[in-house]
Structure formats: C-alpha cells, structure tokens
Amino acid sequence: MSLIELDGVAKSWGATTALRALHLRIEPATFCVLLGPSGCGKSTTLRIIAGLETATEGSVRIDGREVGHLPPAQRGIAMVFQNYALFPHLTVAQNIGFGLSVRKVPAAESAKRLAEAAQLLGLTGLLDRRPGQLSGGQQQRVALGRALVAQAKVCLMDEPLSNLDAQLRQEMRSELRELQQRLGLTVVYVTHDQAEAMSMADQVVLLHQGQVEQCATPREMYARPASRFAARFIGTPAMNLISLEHGRIAGSDVGVGADGARCMGLRPEAIAVVNASQPGFDAQVVGQEYLGADLVLRCRIGSEVLTVRAPGPQQVPTGAPVRLAWHAGDTHFFGSDGLRIATRAG
Ligand SMILES: Nc1ncnc2c1ncn2[C@@H]1O[C@H](COP(=O)(O)OP(=O)(O)OP(=O)(O)O)[C@@H](O)[C@H]1O
C-alpha cells in the first residue's frame, strides 16, 4: 500500500503563489503524471510530497499517515531527478549502493539488492564504470537503480527523461512503465510533455496556475477535456477552438448548434477531407505541412482557420477548395467561462 493524499495544499513564497488549495488522491501502485506548462506548480507539488519543501497550508498523507512534519528520509520515498544527481567519482555500483551504506544496511543484504537491481536494469556489465563513461540512458538507469535498492514503494520522478534523445526517451517510457507495474510501485512523475503523460499514466493530473485543471485517465482527458485549456494541452496538433456566433462558425453560414456555447472544439484528426459530392462544409486550403504519415492542412471556413490532419498520401494543393466533414459526436463545446458544457454528444 502507498496511497498518497494531498488535502488543500497551498504554497507561496512571499508574493509568488505556486499552489492554491490542491486536492489530489494517488492510488497505490499506480502511475500518476503531473502535467502542465512551465511554472504551473508540478515540481513544487512533487517536492512537497518528498518533504523537500513545506506546504504553506494543507496536509500530505501517505497511507493515511500525516507526513508534513517528517524529513524526506523518513517518508519511505525514492526520488529520480532530471540531472540524475549521480556522483561522478563513484562507480555505478557505489552510486547505486550509496544510500544503503549511509543507512548502514548489512553488506550481504546490500550486495544482494545491488545484484538484483543491476540485473533488472541491464547494468550488470557496467558496475565498475563511472557515470562519465555511460550514455544518458544508462545514467538514467543508474539513478533508477538507486531508487530501487532503497525498496521504497513510492518513487517520485521529475522530468527524468528530458536529457535523453527522442528515440531513447521513447524506449525508456515503456521500460519505466513496465518496471512500475512489475514492482507495484506508486510513481508520481512530472513532465510538461503531453505525449509522455498520455503514454505512461494511469492518471493524468493537469495543473494550471497552481490548481488542478483536470484529473483523469489519458483516454478520458482526450475524449472529454474539462476546459478549453485542457482541450488545447492534450493532443497534437492541438484541438481547433472555433468561435461561434449564435451557433454558427464565425463569419460563415455553417451552423453547429449547442445553445450557449461560445466556442466549438474539433480535433484535427476528427475532420476529413471528403469528395465534393459528399455532404460537408466548403473550405479553402491556406497552408500545409507534410509529415509522412500525416498531411496537416490549414483550411479556412468563414473567418476561422481549422487544422486538419489528413492521411499522408492524400494530395491537396494549397489554394484549392476542399470539402470538410466531421461527425457531430466528435464536437466539443465550451461556454464563456472556458469550461466544457453538456451537449448531446456528452
Ligand atoms: N524557491 C522558490 N522561490 C520562489 N518562487 C519559486 C520557488 N520555487 C518555485 N517558485 C515559483 O513557483 C511557481 C511554480 O514553480 P514549479 O517549479 O513548481 O513549476 P513547474 O510546473 O515545475 O515548472 P517547470 O516545468 O518550468 O519546471 C513558479 O512561478 C516558480 O517561479
């Protein structure tokens, strides 16, 4: 068990407010991703759970026990940082075992845990090297190894993959996820990369200006964004947010309904370029970007320009008239407060 609960957690430094009354429940053995733009309070949240910062208000509980007054070492938590925080003059084995020697774990027990962690992380052949002789991915695994030998059930990670190249980052995502599941760890993981969040999380906590904007599974977050902010933050290319004038797309005669909606959301992948004889809406291609698998078109309808994600092989010249179609069930509507409003489609 390692249930983490934050109740009304707030944090300010003088006039700077990083967090405002954050409520969060992270279930045991789940992968929770704190996601959001720079400065939204992700690292601060993680550091408060770890005990590296003290909350100005509110409480933090781990397995029902209030931990606000406990120093980091007594919280049963391991941490992995972006810069790995490895000691350059120590070998891989010494780096992994560092915390154990500090805590005076008997030598035989340390050796056993080290061998297990090295085996699990594919580091067995590298134990005598120093960090400077390792690739970024290997250094990342050493940092993970140090967290694993501590046998903490909670592991906090702050952008641990951001120093790796794109391919390695993708590989490490699935390795981390697999490891978390195999060991039944509760992981709280900070990133500003929505693709990383979507691919690894059981639960995504989207933060915005120190508050929870939405907390949901990746599927729910994509299918039913709670606000315009959430709608734009999840998915690439970002969702189209189209201004409505009395239920019509601004500057056009295209009616889309939805009483009281100020804006309609439509994902680029929900829009199809159809044959001129099929039902749809007339638009004009004003720009495009070919990405191999996809062709991203920018199409003007009335005074709005929509991003459309078409299949790569489709060829449409810029300047050409096109007919666009979408299913009513793929539309999202938002009110003047920016929040999702109930529609026929839900
Ligand atoms: N020690 C500090 N003193 C004063 N302000 C701070 C301190 N640490 C963080 N802040 C401020 O608190 C806010 C939240 O910072 P935090 O590091 O939690 O954001 P973040 O979402 O992790 O951002 P990033 O993705 O850029 O790391 C920011 O406005 C930041 O400037």
# chains A, B, ... in the order shown; residues from 1 in each chain; ligands from 1
>>> residues_near_ligand(ligand="ligand 1", cutoff="10 Å", atoms="only C-alpha atoms and all ligand atoms", output="VMD selection string")
chain A and resid 11 to 19 34 to 48 53 158 to 159 190 to 193 207 to 210
>>> residues_around(residues="Ala283 in chain A", least_positions_apart="3", cutoff="9 Å", atoms="only C-alpha atoms", output="list in words")
Cys299, Arg300, Ile301, Gly302, Ala320, Pro321, Val322, Arg323 and Leu324 of chain A
>>> write_last_selection(atoms="C-alpha atoms", output="PDB file, in the first residue's frame")
ATOM      1  CA  CYS A 299      -8.270  25.272 -44.071  1.00  0.00           C
ATOM      2  CA  ARG A 300     -10.324  28.455 -43.940  1.00  0.00           C
ATOM      3  CA  ILE A 301     -14.055  28.364 -43.218  1.00  0.00           C
ATOM      4  CA  GLY A 302     -15.588  31.829 -42.803  1.00  0.00           C
ATOM      5  CA  ALA A 320      -7.667  24.645 -53.623  1.00  0.00           C
ATOM      6  CA  PRO A 321     -11.280  24.486 -52.469  1.00  0.00           C
ATOM      7  CA  VAL A 322     -11.992  21.414 -50.308  1.00  0.00           C
ATOM      8  CA  ARG A 323     -14.997  19.908 -48.638  1.00  0.00           C
ATOM      9  CA  LEU A 324     -14.612  19.087 -44.953  1.00  0.00           C
TER      10      LEU A 324
END
>>> closest_residue(among="A:Leu291, A:Ala238, A:Leu161, A:Leu126", to="Leu266 in chain A", atoms="only C-alpha atoms")
A:Ala238
>>> atom_distance(atom1="CA of Gly132 in chain A", atom2="CA of Leu164 in chain A")
14.9 Å
>>> residues_around(residues="Arg177 in chain A", least_positions_apart="5", cutoff="10 Å", atoms="only C-alpha atoms", output="list in words")
Thr30, Phe31, Met172, Arg182, Leu185, Val187, Ser199, Met200, Ala201 and Asp202 of chain A
>>> closest_atom_pairs(of="range 90-171 of chain A", to="range 1-6 of chain A", cutoff="10 Å", atoms="only C-alpha atoms", output="tab-separated table")
residue	atom	partner	partner_atom	distance
A:Ala152	CA	A:Ser2	CA	9.6
A:Lys153	CA	A:Ser2	CA	6.4
A:Val154	CA	A:Ser2	CA	6.6
>>> write_last_selection(atoms="C-alpha atoms", output="mmCIF file, in the first residue's frame")
data_model
loop_
_atom_site.group_PDB
_atom_site.id
_atom_site.type_symbol
_atom_site.label_atom_id
_atom_site.label_comp_id
_atom_site.auth_asym_id
_atom_site.auth_seq_id
_atom_site.Cartn_x
_atom_site.Cartn_y
_atom_site.Cartn_z
ATOM 1 C CA ALA A 152 10.659 2.406 -1.329
ATOM 2 C CA LYS A 153 7.132 1.817 -2.508
ATOM 3 C CA VAL A 154 6.780 5.408 -3.693
#
>>> atom_distance(atom1="CA of Met198 in chain A", atom2="CA of Pro313 in chain A")
26.9 Å
>>> residues_around(residues="Ala115 in chain A", least_positions_apart="6", cutoff="12 Å", atoms="only C-alpha atoms", output="list in words")
Val92, Ala93, Ile96, Gly97, Ala108, Glu109, Leu121, Gly122, Leu123, Thr124, Gly125, Leu126, Leu127, Gly145, Arg146, Leu148 and Val149 of chain A
>>> closest_residue(among="A:Val188, A:Ala223, A:Val305, A:Val285", to="Ser252 in chain A", atoms="only C-alpha atoms")
A:Val305
>>> closest_residue(among="A:Pro218, A:Gln82, A:Gly51, A:Ser135", to="Leu70 in chain A", atoms="only C-alpha atoms")
A:Gly51
>>> closest_residue(among="A:Cys32, A:Ala107, A:Pro88, A:Leu52", to="Cys155 in chain A", atoms="only C-alpha atoms")
A:Cys32
>>> select_by_dssp(residues="range 247-345 of chain A", states="strand (DSSP E)", output="PyMOL selection string")
chain A and resi 248-249+263-266+272-274+281-290+294-301+304-311+321-325+331-334
>>> closest_residue(among="A:Tyr189, A:Trp326, A:Phe233, A:Tyr290", to="Glu269 in chain A", atoms="only C-alpha atoms")
A:Trp326
